[in-house]
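The block underneath contains the structure these notes are about, expressed in structure tokens.
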Amino acid sequence: MSTTDGGPWWKSAVIYQVYPRSFADSDGDGIGDIDGIRSRLGHLRDLGIDAIWMSPWYPSPMADAGYDVADFRDIDPVFGTLAGAEALIEEAHRVGIRMIVDIVPNHISSEHPWFKAALASPAAKERDYFWFRPGRGENGDEMPTDWRGEFGGTTWTRTPDGMWYLHLFTPEQPDLNWDHPDVRAEFESILRFWFDRGVDGIRIDSAALLFKDGDLPEVREGEPHPFHDLDEVHDVYRAWRRVSDSYDGDRALIGEVWMPEVERFAKYLRPDELHAAFNFDFLGCAWDPALMRQCVDRTLDAHRAVGAPATWVLSNHDVTRHVTRYGREDTTFSFENNLDGVPVDLELGTRRARAAALLSLSLPGATYIYQGEELGLWENENIPPSSYQDPMWARRGHSRDGCRVPLPWSGDEPPFGFSAAQPWLPQPAEWKDLTVQAQTGDPTSMLELYREAIRLRRDEPGLHRPSFGWLDVHPQVLAFCRGAHFACVVNMSGAPITLPDHETSLLASGPLDGDRLPPDTAVWLRLQ
């Protein structure tokens, strides 16, 4: 295991995100499942990760790839059974891997029993669990607000009785009313359900969206946002922290907090709230040394102020894979500017992704790996629109399916050992060189780079300390030390640079030219 600082595991873990539909299929239906994950645990053990973060696996109509949950205490039959999930947790623990499950508190599925009861009768108590409101206009025909959804589009749907209900995502995902004590009690019970089954952590989806301003003001620049980051949300996470702290074994709460203001972001990480949160600033940062250095400084400063560990994320199930991003002229990411169809230099993107792996794995804190990242997979931008399954496509004209394509395990043609059937999303034929089988044992492969980097992360003394300091090497180079004898140097310039004095090179993302580091290449050094 690669935890480096001797403290609680979540402070410096390498955490691997499994998107269950696309990891491995055991029953031949073209969709990944729990038994498929169990059959491939050896891959994750050999990779050296500390924990698996499991994307939603609950019963769901799949209006939003499982983030529309109908029952948080069971498993969707397409993925398997609750008994299978419990077996996976036990088997992962047996090989030294912890388990994190995904909880979605902002909304539930329109097929959830609560929402069905709320629709069935205006007098049902469950109606108060949601945001039902009368419409505007003489006959109530206009939506209560003009709020725009997180996927774009409108946020209100009218019911047969003339009322409207709020959904910040799709109409199949009605927002919960977190002012109601029953909602709060239910989710605390859900946390206990999974902690009782041995889960080590909870990843909290859309963690900043739970509360809404009951006056329903419109979104106006310069005024408090009516549903982003309302202060009341912190009371919920203080209560959740009390639940997690009541269990043995360093149970962790990890938030998905999209927050441009670092100071507001840090409030979620106060000692009595969440243990950690995703660093989307790093994920969206350009491949630029000055901007990257500013991003690292902002992140470390914000986390240091509240005594929380930093997190480093390059990709996940919602964003364009970073091999593709780093191969574009504009290397940033944002949902407002998704850059679909922009030319991509995959060779350049892969070279930078290799360097970014060494960068992210050597910064202080925890590192997240999205499945397939260790194989160097790129975004599949050639999926026919008729095959898209992401609801964001219909509402915003951008699909996240390109980063959700099933993994290639073996063989020379699709489905590359993922399934005995046609996968639920098409795999590029070019991935034949990126299978786990093809890369295993090849010292130049992305997979072996990740394996060796994670091994060194565990074994290298300099990475066992929280210390961090910048090195002045070159204006276009990102270089820092961890302790007195370890350094990471990333050349973001367009020409080779001379390495600082060092005893030996521990690991490089690409071939070195003597003591010169080529462009878009990173190296770990043991200093003299």
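If you're wondering about the labels, chains in the structure tokens are A, B, ... by order shown, residues count from 1 in each chain, ligands from 1 in order shown.
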
With a distance cut-off of 10 Å and only C-alpha atoms, select the neighbouring residues of range 63-73 of chain A, excluding the residue or stretch itself and same-chain residues fewer than 3 positions from it, and output the selection as a short mmCIF file (atom, residue, chain, number, x, y, z; two decimals) with all heavy atoms, in the first residue's frame.
```
data_model
loop_
_atom_site.label_atom_id
_atom_site.label_comp_id
_atom_site.auth_asym_id
_atom_site.auth_seq_id
_atom_site.Cartn_x
_atom_site.Cartn_y
_atom_site.Cartn_z
N TYR A 19 -15.52 3.05 -12.35
CA TYR A 19 -16.82 3.34 -12.95
C TYR A 19 -17.39 1.98 -13.35
O TYR A 19 -16.97 1.39 -14.36
CB TYR A 19 -16.63 4.25 -14.16
CG TYR A 19 -17.89 4.84 -14.72
CD1 TYR A 19 -18.55 5.87 -14.04
CD2 TYR A 19 -18.43 4.39 -15.92
CE1 TYR A 19 -19.71 6.42 -14.55
CE2 TYR A 19 -19.59 4.94 -16.44
CZ TYR A 19 -20.23 5.95 -15.75
OH TYR A 19 -21.38 6.49 -16.26
N ARG A 21 -19.83 0.37 -14.73
CA ARG A 21 -20.36 -0.03 -16.04
C ARG A 21 -19.24 -0.34 -17.03
O ARG A 21 -19.47 -1.04 -18.02
CB ARG A 21 -21.23 1.08 -16.63
CG ARG A 21 -22.51 1.36 -15.90
CD ARG A 21 -23.30 2.48 -16.58
NE ARG A 21 -23.81 2.09 -17.87
CZ ARG A 21 -24.97 1.47 -18.06
NH1 ARG A 21 -25.74 1.15 -17.01
NH2 ARG A 21 -25.38 1.17 -19.26
N SER A 55 -18.06 4.38 -8.15
CA SER A 55 -19.17 5.21 -8.62
C SER A 55 -20.49 4.49 -8.35
O SER A 55 -20.50 3.28 -8.10
CB SER A 55 -19.00 5.51 -10.12
OG SER A 55 -17.89 6.36 -10.33
N PRO A 56 -21.63 5.21 -8.38
CA PRO A 56 -22.88 4.62 -7.91
C PRO A 56 -23.21 3.26 -8.52
O PRO A 56 -23.12 3.06 -9.73
CB PRO A 56 -23.92 5.67 -8.31
CG PRO A 56 -23.17 6.95 -8.22
CD PRO A 56 -21.80 6.63 -8.74
N TRP A 57 -23.60 2.35 -7.64
CA TRP A 57 -23.95 0.98 -8.04
C TRP A 57 -25.34 0.60 -7.55
O TRP A 57 -25.72 -0.55 -7.56
CB TRP A 57 -22.91 0.00 -7.55
CG TRP A 57 -22.58 0.04 -6.07
CD1 TRP A 57 -23.15 0.80 -5.09
CD2 TRP A 57 -21.57 -0.74 -5.41
NE1 TRP A 57 -22.56 0.56 -3.86
CE2 TRP A 57 -21.58 -0.38 -4.02
CE3 TRP A 57 -20.65 -1.69 -5.83
CZ2 TRP A 57 -20.73 -0.95 -3.08
CZ3 TRP A 57 -19.79 -2.25 -4.89
CH2 TRP A 57 -19.83 -1.88 -3.55
N TYR A 58 -26.12 1.58 -7.16
CA TYR A 58 -27.43 1.35 -6.54
C TYR A 58 -28.53 1.13 -7.60
O TYR A 58 -28.36 1.51 -8.77
CB TYR A 58 -27.81 2.55 -5.68
CG TYR A 58 -26.70 3.02 -4.78
CD1 TYR A 58 -26.01 4.21 -5.05
CD2 TYR A 58 -26.32 2.28 -3.66
CE1 TYR A 58 -24.98 4.64 -4.22
CE2 TYR A 58 -25.29 2.70 -2.84
CZ TYR A 58 -24.62 3.89 -3.13
OH TYR A 58 -23.59 4.30 -2.32
N PRO A 59 -29.69 0.58 -7.19
CA PRO A 59 -30.82 0.49 -8.11
C PRO A 59 -31.16 1.87 -8.68
O PRO A 59 -31.28 2.85 -7.94
CB PRO A 59 -31.95 -0.05 -7.23
CG PRO A 59 -31.24 -0.85 -6.18
CD PRO A 59 -29.97 -0.08 -5.90
N SER A 60 -31.32 1.93 -10.00
CA SER A 60 -31.51 3.22 -10.66
C SER A 60 -32.09 3.00 -12.05
O SER A 60 -31.73 2.04 -12.73
CB SER A 60 -30.15 3.93 -10.79
OG SER A 60 -30.23 5.03 -11.68
N ASP A 76 -28.00 -2.32 -7.95
CA ASP A 76 -28.76 -2.50 -9.19
C ASP A 76 -28.48 -3.88 -9.77
O ASP A 76 -27.32 -4.29 -9.85
CB ASP A 76 -28.38 -1.42 -10.20
CG ASP A 76 -29.38 -1.34 -11.33
OD1 ASP A 76 -29.46 -2.30 -12.13
OD2 ASP A 76 -30.09 -0.31 -11.43
N LEU A 82 -26.37 -7.19 -3.42
CA LEU A 82 -25.77 -6.66 -2.20
C LEU A 82 -24.77 -7.65 -1.62
O LEU A 82 -23.70 -7.25 -1.13
CB LEU A 82 -26.87 -6.34 -1.18
CG LEU A 82 -26.40 -5.73 0.14
CD1 LEU A 82 -25.65 -4.42 -0.08
CD2 LEU A 82 -27.60 -5.50 1.07
N ASP A 102 -20.08 5.93 -3.28
CA ASP A 102 -20.58 7.23 -3.71
C ASP A 102 -21.98 7.44 -3.16
O ASP A 102 -22.86 6.59 -3.35
CB ASP A 102 -20.61 7.25 -5.25
CG ASP A 102 -20.29 8.59 -5.84
OD1 ASP A 102 -20.73 9.60 -5.27
OD2 ASP A 102 -19.60 8.64 -6.87
N ILE A 103 -22.21 8.56 -2.47
CA ILE A 103 -23.54 8.93 -1.98
C ILE A 103 -23.96 10.22 -2.68
O ILE A 103 -23.16 11.16 -2.82
CB ILE A 103 -23.55 9.11 -0.45
CG1 ILE A 103 -23.24 7.78 0.25
CG2 ILE A 103 -24.88 9.67 0.02
CD1 ILE A 103 -24.29 6.71 0.07
N VAL A 104 -25.21 10.28 -3.10
CA VAL A 104 -25.73 11.41 -3.88
C VAL A 104 -26.82 12.09 -3.05
O VAL A 104 -27.99 11.70 -3.12
CB VAL A 104 -26.29 10.94 -5.23
CG1 VAL A 104 -26.64 12.13 -6.13
CG2 VAL A 104 -25.32 10.00 -5.94
N PRO A 105 -26.49 13.10 -2.25
CA PRO A 105 -27.48 13.66 -1.33
C PRO A 105 -28.36 14.77 -1.90
O PRO A 105 -29.39 15.09 -1.31
CB PRO A 105 -26.62 14.19 -0.18
CG PRO A 105 -25.34 14.59 -0.84
CD PRO A 105 -25.13 13.62 -1.96
N HIS A 107 -30.16 14.91 -4.62
CA HIS A 107 -31.39 14.48 -5.28
C HIS A 107 -31.49 12.96 -5.24
O HIS A 107 -30.52 12.26 -4.92
CB HIS A 107 -31.40 14.95 -6.74
CG HIS A 107 -30.14 14.63 -7.48
ND1 HIS A 107 -29.12 15.54 -7.64
CD2 HIS A 107 -29.70 13.49 -8.08
CE1 HIS A 107 -28.13 14.99 -8.30
NE2 HIS A 107 -28.45 13.74 -8.58
N ILE A 108 -32.64 12.45 -5.58
CA ILE A 108 -32.85 11.01 -5.73
C ILE A 108 -33.54 10.77 -7.07
O ILE A 108 -33.79 11.71 -7.84
CB ILE A 108 -33.68 10.44 -4.57
CG1 ILE A 108 -35.01 11.19 -4.43
CG2 ILE A 108 -32.90 10.45 -3.28
CD1 ILE A 108 -35.91 10.61 -3.33
N SER A 109 -33.83 9.53 -7.36
CA SER A 109 -34.53 9.19 -8.60
C SER A 109 -36.02 9.49 -8.48
O SER A 109 -36.62 9.37 -7.41
CB SER A 109 -34.34 7.71 -8.91
OG SER A 109 -35.22 7.29 -9.94
N SER A 110 -36.62 9.85 -9.59
CA SER A 110 -38.07 10.02 -9.62
C SER A 110 -38.79 8.69 -9.40
O SER A 110 -40.01 8.67 -9.17
CB SER A 110 -38.51 10.62 -10.95
OG SER A 110 -38.04 9.84 -12.05
N GLU A 111 -38.05 7.57 -9.42
CA GLU A 111 -38.61 6.25 -9.12
C GLU A 111 -38.44 5.86 -7.66
O GLU A 111 -38.85 4.78 -7.26
CB GLU A 111 -37.97 5.19 -10.03
CG GLU A 111 -38.29 5.36 -11.50
CD GLU A 111 -39.79 5.25 -11.77
OE1 GLU A 111 -40.40 4.26 -11.30
OE2 GLU A 111 -40.35 6.15 -12.43
N HIS A 112 -37.82 6.72 -6.88
CA HIS A 112 -37.66 6.45 -5.44
C HIS A 112 -39.04 6.44 -4.78
O HIS A 112 -39.91 7.24 -5.12
CB HIS A 112 -36.77 7.53 -4.82
CG HIS A 112 -36.33 7.27 -3.43
ND1 HIS A 112 -37.17 7.36 -2.35
CD2 HIS A 112 -35.10 6.91 -2.93
CE1 HIS A 112 -36.50 7.08 -1.24
NE2 HIS A 112 -35.24 6.81 -1.57
N PRO A 113 -39.28 5.56 -3.80
CA PRO A 113 -40.60 5.52 -3.13
C PRO A 113 -41.03 6.86 -2.57
O PRO A 113 -42.24 7.17 -2.58
CB PRO A 113 -40.40 4.48 -2.03
CG PRO A 113 -39.33 3.58 -2.55
CD PRO A 113 -38.41 4.46 -3.34
N TRP A 114 -40.11 7.66 -2.07
CA TRP A 114 -40.49 8.97 -1.55
C TRP A 114 -41.14 9.82 -2.63
O TRP A 114 -42.17 10.45 -2.40
CB TRP A 114 -39.25 9.70 -1.02
CG TRP A 114 -38.86 9.35 0.37
CD1 TRP A 114 -39.40 8.39 1.18
CD2 TRP A 114 -37.82 9.99 1.13
NE1 TRP A 114 -38.77 8.39 2.39
CE2 TRP A 114 -37.79 9.35 2.39
CE3 TRP A 114 -36.93 11.01 0.87
CZ2 TRP A 114 -36.89 9.72 3.39
CZ3 TRP A 114 -36.03 11.39 1.86
CH2 TRP A 114 -36.00 10.75 3.11
N PHE A 115 -40.52 9.89 -3.79
CA PHE A 115 -41.05 10.78 -4.83
C PHE A 115 -42.35 10.23 -5.42
O PHE A 115 -43.26 11.00 -5.75
CB PHE A 115 -40.01 11.01 -5.93
CG PHE A 115 -40.37 12.16 -6.83
CD1 PHE A 115 -40.33 13.47 -6.35
CD2 PHE A 115 -40.78 11.95 -8.14
CE1 PHE A 115 -40.68 14.54 -7.17
CE2 PHE A 115 -41.12 13.02 -8.96
CZ PHE A 115 -41.08 14.31 -8.48
N PHE A 169 -30.66 18.94 -11.89
CA PHE A 169 -30.08 18.12 -12.95
C PHE A 169 -31.20 17.74 -13.94
O PHE A 169 -31.75 18.62 -14.57
CB PHE A 169 -29.36 16.91 -12.33
CG PHE A 169 -28.12 17.33 -11.56
CD1 PHE A 169 -28.22 17.76 -10.24
CD2 PHE A 169 -26.87 17.32 -12.15
CE1 PHE A 169 -27.09 18.17 -9.53
CE2 PHE A 169 -25.74 17.74 -11.47
CZ PHE A 169 -25.85 18.17 -10.16
N THR A 170 -31.56 16.49 -14.05
CA THR A 170 -32.62 16.11 -15.00
C THR A 170 -33.96 16.03 -14.27
O THR A 170 -34.02 15.92 -13.04
CB THR A 170 -32.32 14.75 -15.63
OG1 THR A 170 -32.45 13.72 -14.63
CG2 THR A 170 -30.91 14.71 -16.21
N PRO A 171 -35.09 16.03 -15.01
CA PRO A 171 -36.40 15.88 -14.36
C PRO A 171 -36.52 14.56 -13.60
O PRO A 171 -37.35 14.45 -12.69
CB PRO A 171 -37.37 15.92 -15.54
CG PRO A 171 -36.65 16.71 -16.60
CD PRO A 171 -35.21 16.34 -16.45
N GLU A 172 -35.70 13.57 -13.97
CA GLU A 172 -35.72 12.29 -13.27
C GLU A 172 -34.93 12.31 -11.97
O GLU A 172 -34.81 11.28 -11.30
CB GLU A 172 -35.16 11.19 -14.19
CG GLU A 172 -36.02 10.91 -15.42
CD GLU A 172 -35.74 11.89 -16.57
OE1 GLU A 172 -34.78 12.69 -16.48
OE2 GLU A 172 -36.51 11.86 -17.56
N GLN A 173 -34.41 13.50 -11.61
CA GLN A 173 -33.61 13.64 -10.39
C GLN A 173 -34.14 14.78 -9.53
O GLN A 173 -33.52 15.84 -9.41
CB GLN A 173 -32.14 13.89 -10.76
CG GLN A 173 -31.48 12.72 -11.49
CD GLN A 173 -30.16 13.11 -12.14
OE1 GLN A 173 -30.13 13.80 -13.16
NE2 GLN A 173 -29.06 12.68 -11.55
N PRO A 174 -35.29 14.60 -8.90
CA PRO A 174 -35.88 15.67 -8.08
C PRO A 174 -35.00 16.01 -6.88
O PRO A 174 -34.50 15.12 -6.18
CB PRO A 174 -37.22 15.08 -7.64
CG PRO A 174 -37.05 13.60 -7.74
CD PRO A 174 -36.13 13.38 -8.90
N PHE A 187 -30.36 10.15 5.52
CA PHE A 187 -29.01 10.02 4.98
C PHE A 187 -28.01 9.64 6.06
O PHE A 187 -27.04 8.93 5.76
CB PHE A 187 -28.61 11.29 4.23
CG PHE A 187 -29.07 11.27 2.81
CD1 PHE A 187 -30.37 11.65 2.48
CD2 PHE A 187 -28.24 10.83 1.80
CE1 PHE A 187 -30.82 11.60 1.17
CE2 PHE A 187 -28.67 10.78 0.49
CZ PHE A 187 -29.97 11.17 0.16
N SER A 189 -28.72 7.58 8.34
CA SER A 189 -28.96 6.14 8.40
C SER A 189 -28.28 5.41 7.24
O SER A 189 -27.74 4.31 7.41
CB SER A 189 -30.47 5.87 8.39
OG SER A 189 -30.75 4.49 8.31
N ILE A 190 -28.30 6.03 6.06
CA ILE A 190 -27.64 5.43 4.89
C ILE A 190 -26.12 5.33 5.12
O ILE A 190 -25.50 4.31 4.79
CB ILE A 190 -27.95 6.25 3.62
CG1 ILE A 190 -29.42 6.09 3.24
CG2 ILE A 190 -27.03 5.84 2.46
CD1 ILE A 190 -29.90 7.10 2.20
N LEU A 191 -25.54 6.37 5.70
CA LEU A 191 -24.11 6.31 6.01
C LEU A 191 -23.82 5.12 6.92
O LEU A 191 -22.86 4.36 6.69
CB LEU A 191 -23.64 7.59 6.69
CG LEU A 191 -23.72 8.91 5.92
CD1 LEU A 191 -23.06 10.02 6.74
CD2 LEU A 191 -23.08 8.82 4.56
N PHE A 193 -25.52 2.42 7.28
CA PHE A 193 -25.75 1.16 6.55
C PHE A 193 -24.45 0.71 5.87
O PHE A 193 -24.07 -0.46 5.97
CB PHE A 193 -26.86 1.36 5.52
CG PHE A 193 -27.13 0.15 4.67
CD1 PHE A 193 -28.06 -0.81 5.08
CD2 PHE A 193 -26.49 -0.03 3.45
CE1 PHE A 193 -28.31 -1.93 4.30
CE2 PHE A 193 -26.75 -1.15 2.66
CZ PHE A 193 -27.66 -2.10 3.09
N TRP A 194 -23.77 1.64 5.21
CA TRP A 194 -22.57 1.25 4.47
C TRP A 194 -21.35 1.13 5.38
O TRP A 194 -20.51 0.25 5.20
CB TRP A 194 -22.32 2.21 3.31
CG TRP A 194 -23.32 1.95 2.21
CD1 TRP A 194 -24.41 2.69 1.87
CD2 TRP A 194 -23.33 0.80 1.35
NE1 TRP A 194 -25.10 2.09 0.86
CE2 TRP A 194 -24.46 0.93 0.51
CE3 TRP A 194 -22.51 -0.32 1.21
CZ2 TRP A 194 -24.77 -0.03 -0.45
CZ3 TRP A 194 -22.82 -1.27 0.25
CH2 TRP A 194 -23.95 -1.11 -0.57
N ASP A 205 -21.38 13.33 -3.66
CA ASP A 205 -21.61 13.96 -4.96
C ASP A 205 -22.24 15.33 -4.77
O ASP A 205 -23.11 15.53 -3.91
CB ASP A 205 -22.54 13.07 -5.79
CG ASP A 205 -22.77 13.61 -7.19
OD1 ASP A 205 -21.83 13.59 -8.00
OD2 ASP A 205 -23.90 14.08 -7.45
N GLN A 389 -25.36 8.02 -24.30
CA GLN A 389 -26.30 7.73 -23.22
C GLN A 389 -26.29 8.78 -22.13
O GLN A 389 -27.07 8.71 -21.20
CB GLN A 389 -25.97 6.35 -22.63
CG GLN A 389 -26.05 5.24 -23.67
CD GLN A 389 -26.11 3.86 -23.07
OE1 GLN A 389 -26.62 3.67 -21.98
NE2 GLN A 389 -25.61 2.88 -23.80
N ASP A 390 -25.42 9.76 -22.23
CA ASP A 390 -25.30 10.80 -21.23
C ASP A 390 -26.39 11.85 -21.41
O ASP A 390 -26.50 12.44 -22.49
CB ASP A 390 -23.92 11.45 -21.35
CG ASP A 390 -23.67 12.53 -20.31
OD1 ASP A 390 -24.47 12.64 -19.38
OD2 ASP A 390 -22.68 13.26 -20.47
N PRO A 391 -27.21 12.14 -20.38
CA PRO A 391 -28.27 13.15 -20.52
C PRO A 391 -27.72 14.55 -20.78
O PRO A 391 -28.46 15.42 -21.25
CB PRO A 391 -29.01 13.07 -19.20
CG PRO A 391 -28.03 12.52 -18.22
CD PRO A 391 -27.20 11.55 -19.01
N MET A 392 -26.45 14.79 -20.45
CA MET A 392 -25.89 16.11 -20.72
C MET A 392 -25.88 16.43 -22.21
O MET A 392 -25.94 17.59 -22.61
CB MET A 392 -24.47 16.21 -20.15
CG MET A 392 -23.89 17.61 -20.20
SD MET A 392 -22.21 17.74 -19.53
CE MET A 392 -22.56 17.72 -17.77
N ASP A 401 -19.69 10.66 -22.35
CA ASP A 401 -19.50 9.24 -22.62
C ASP A 401 -18.10 8.91 -23.13
O ASP A 401 -17.62 7.79 -22.96
CB ASP A 401 -20.54 8.75 -23.64
CG ASP A 401 -21.93 8.64 -23.04
OD1 ASP A 401 -22.03 8.38 -21.83
OD2 ASP A 401 -22.91 8.82 -23.78
#
```

Would you return as a list in words the members of range 293-445 of chain A that DSSP assigns to strand (DSSP E) on this structure's backbone?
-> Thr311, Trp312, Val313, Ala366, Thr367, Tyr368, Ile369 and Tyr370 of chain A

Give me the residues within 12 Å of Ala185 in chain A as a ChimeraX atom specification, counting only C-alpha atoms and dropping any in the same chain fewer than 5 places off.
-> /A:105,129,178-180,190-192,236,239-240,243

Could you write those residues out with N, CA, C and O atoms, as a CSV table (one decimal), in the first residue's frame?
```
chain,number,residue,atom,x,y,z
A,105,PRO,N,-26.5,13.1,-2.3
A,105,PRO,CA,-27.5,13.7,-1.3
A,105,PRO,C,-28.4,14.8,-1.9
A,105,PRO,O,-29.4,15.1,-1.3
A,129,TYR,N,-40.6,16.6,1.4
A,129,TYR,CA,-39.2,16.2,1.3
A,129,TYR,C,-38.5,16.8,0.0
A,129,TYR,O,-37.3,16.6,-0.2
A,178,TRP,N,-33.4,19.7,2.1
A,178,TRP,CA,-32.6,19.4,3.2
A,178,TRP,C,-32.9,20.2,4.5
A,178,TRP,O,-32.3,20.0,5.5
A,179,ASP,N,-33.9,21.1,4.4
A,179,ASP,CA,-34.4,21.7,5.6
A,179,ASP,C,-35.3,20.8,6.4
A,179,ASP,O,-35.6,21.0,7.6
A,180,HIS,N,-35.7,19.6,5.8
A,180,HIS,CA,-36.6,18.7,6.5
A,180,HIS,C,-35.8,17.7,7.3
A,180,HIS,O,-34.9,17.1,6.8
A,190,ILE,N,-28.3,6.0,6.1
A,190,ILE,CA,-27.6,5.4,4.9
A,190,ILE,C,-26.1,5.3,5.1
A,190,ILE,O,-25.5,4.3,4.8
A,191,LEU,N,-25.5,6.4,5.7
A,191,LEU,CA,-24.1,6.3,6.0
A,191,LEU,C,-23.8,5.1,6.9
A,191,LEU,O,-22.9,4.4,6.7
A,192,ARG,N,-24.6,5.0,7.9
A,192,ARG,CA,-24.4,3.9,8.9
A,192,ARG,C,-24.6,2.5,8.2
A,192,ARG,O,-23.9,1.5,8.5
A,236,VAL,N,-24.9,20.0,8.0
A,236,VAL,CA,-25.1,18.6,7.6
A,236,VAL,C,-23.8,17.8,7.7
A,236,VAL,O,-23.8,16.7,8.2
A,239,ALA,N,-22.8,16.9,11.1
A,239,ALA,CA,-23.5,15.7,11.6
A,239,ALA,C,-23.0,14.5,11.0
A,239,ALA,O,-22.9,13.4,11.7
A,240,TRP,N,-22.7,14.5,9.7
A,240,TRP,CA,-22.1,13.3,9.1
A,240,TRP,C,-20.7,13.0,9.7
A,240,TRP,O,-20.4,11.8,9.8
A,243,VAL,N,-21.1,11.0,12.7
A,243,VAL,CA,-21.4,9.6,12.3
A,243,VAL,C,-20.1,8.8,12.0
A,243,VAL,O,-19.9,7.8,12.5
```

Kindly indicate which residue among A:Asp297, A:Asp33, A:Glu460, A:Glu448 lies nearest to Phe480 in chain A, using only C-alpha atoms for the distances.
-> A:Asp297

I'd like the neighbourhood of Asp146 in chain A as a PDB file with N, CA, C and O atoms, in the first residue's frame, where a residue qualifies if any of its atoms comes within 10 Å (using only C-alpha atoms), though same-chain residues fewer than 5 positions away should be ignored.
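The resulting result25.pdb:
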```
ATOM      1  N   GLY A 153     -30.343  23.780 -19.438  1.00  0.00           N
ATOM      2  CA  GLY A 153     -31.778  23.555 -19.487  1.00  0.00           C
ATOM      3  C   GLY A 153     -32.491  24.084 -18.255  1.00  0.00           C
ATOM      4  O   GLY A 153     -31.893  24.698 -17.371  1.00  0.00           O
ATOM      5  N   THR A 154     -33.787  23.828 -18.201  1.00  0.00           N
ATOM      6  CA  THR A 154     -34.619  24.348 -17.118  1.00  0.00           C
ATOM      7  C   THR A 154     -34.525  23.452 -15.888  1.00  0.00           C
ATOM      8  O   THR A 154     -34.023  22.329 -15.944  1.00  0.00           O
ATOM      9  N   THR A 155     -35.032  23.953 -14.765  1.00  0.00           N
ATOM     10  CA  THR A 155     -34.890  23.239 -13.491  1.00  0.00           C
ATOM     11  C   THR A 155     -36.232  22.917 -12.833  1.00  0.00           C
ATOM     12  O   THR A 155     -36.251  22.485 -11.681  1.00  0.00           O
ATOM     13  N   TRP A 156     -37.333  23.132 -13.521  1.00  0.00           N
ATOM     14  CA  TRP A 156     -38.646  22.849 -12.935  1.00  0.00           C
ATOM     15  C   TRP A 156     -39.487  22.022 -13.903  1.00  0.00           C
ATOM     16  O   TRP A 156     -39.451  22.246 -15.122  1.00  0.00           O
ATOM     17  N   LEU A 216     -36.521  31.694  -3.204  1.00  0.00           N
ATOM     18  CA  LEU A 216     -36.347  31.432  -4.636  1.00  0.00           C
ATOM     19  C   LEU A 216     -35.965  32.690  -5.431  1.00  0.00           C
ATOM     20  O   LEU A 216     -36.576  33.002  -6.469  1.00  0.00           O
ATOM     21  N   PRO A 217     -34.934  33.410  -5.006  1.00  0.00           N
ATOM     22  CA  PRO A 217     -34.500  34.555  -5.809  1.00  0.00           C
ATOM     23  C   PRO A 217     -33.817  34.089  -7.094  1.00  0.00           C
ATOM     24  O   PRO A 217     -33.301  32.967  -7.170  1.00  0.00           O
ATOM     25  N   GLU A 218     -33.813  34.936  -8.081  1.00  0.00           N
ATOM     26  CA  GLU A 218     -33.106  34.603  -9.317  1.00  0.00           C
ATOM     27  C   GLU A 218     -31.588  34.706  -9.099  1.00  0.00           C
ATOM     28  O   GLU A 218     -31.121  35.350  -8.159  1.00  0.00           O
ATOM     29  N   VAL A 219     -30.845  34.056  -9.968  1.00  0.00           N
ATOM     30  CA  VAL A 219     -29.380  34.135  -9.920  1.00  0.00           C
ATOM     31  C   VAL A 219     -28.957  35.477 -10.521  1.00  0.00           C
ATOM     32  O   VAL A 219     -29.242  35.758 -11.685  1.00  0.00           O
TER      33      VAL A 219
END
```

List as a short mmCIF file (atom, residue, chain, number, x, y, z; two decimals) with N, CA, C and O atoms, in the first residue's frame the protein and nucleic acid residues near Ala83 in chain A, meaning an atom at most 12 Å away when only C-alpha atoms are counted, but skip any in the same chain fewer than 5 places from it.
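Output file selection10.cif is given in full below:
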```cif
data_model
loop_
_atom_site.label_atom_id
_atom_site.label_comp_id
_atom_site.auth_asym_id
_atom_site.auth_seq_id
_atom_site.Cartn_x
_atom_site.Cartn_y
_atom_site.Cartn_z
N ILE A 34 -20.13 -6.07 -10.63
CA ILE A 34 -19.34 -6.29 -9.42
C ILE A 34 -18.46 -7.53 -9.53
O ILE A 34 -17.28 -7.51 -9.14
N ASP A 35 -19.01 -8.61 -10.08
CA ASP A 35 -18.18 -9.81 -10.21
C ASP A 35 -17.03 -9.58 -11.19
O ASP A 35 -15.95 -10.17 -11.03
N ARG A 73 -29.77 1.40 -0.36
CA ARG A 73 -29.40 0.25 0.48
C ARG A 73 -29.40 -1.06 -0.31
O ARG A 73 -29.53 -2.14 0.28
N ASP A 74 -29.26 -0.97 -1.61
CA ASP A 74 -29.22 -2.18 -2.43
C ASP A 74 -28.34 -1.93 -3.64
O ASP A 74 -27.80 -0.83 -3.81
N ILE A 75 -28.19 -2.94 -4.48
CA ILE A 75 -27.36 -2.88 -5.67
C ILE A 75 -28.25 -3.08 -6.90
O ILE A 75 -29.14 -3.94 -6.90
N ASP A 76 -28.00 -2.32 -7.95
CA ASP A 76 -28.76 -2.50 -9.19
C ASP A 76 -28.48 -3.88 -9.77
O ASP A 76 -27.32 -4.29 -9.85
N PRO A 77 -29.51 -4.60 -10.17
CA PRO A 77 -29.30 -5.95 -10.72
C PRO A 77 -28.33 -5.99 -11.90
O PRO A 77 -27.66 -7.01 -12.11
N LEU A 88 -17.12 -8.12 -2.38
CA LEU A 88 -16.08 -7.27 -2.96
C LEU A 88 -15.37 -6.46 -1.88
O LEU A 88 -14.13 -6.36 -1.88
N ILE A 89 -16.13 -5.90 -0.95
CA ILE A 89 -15.53 -5.13 0.15
C ILE A 89 -14.58 -6.01 0.94
O ILE A 89 -13.44 -5.63 1.24
N GLU A 90 -15.02 -7.22 1.26
CA GLU A 90 -14.20 -8.14 2.04
C GLU A 90 -12.94 -8.55 1.26
O GLU A 90 -11.83 -8.59 1.81
N ARG A 197 -21.20 -2.20 6.83
CA ARG A 197 -20.75 -3.23 5.90
C ARG A 197 -19.27 -3.14 5.57
O ARG A 197 -18.79 -3.80 4.66
#
```
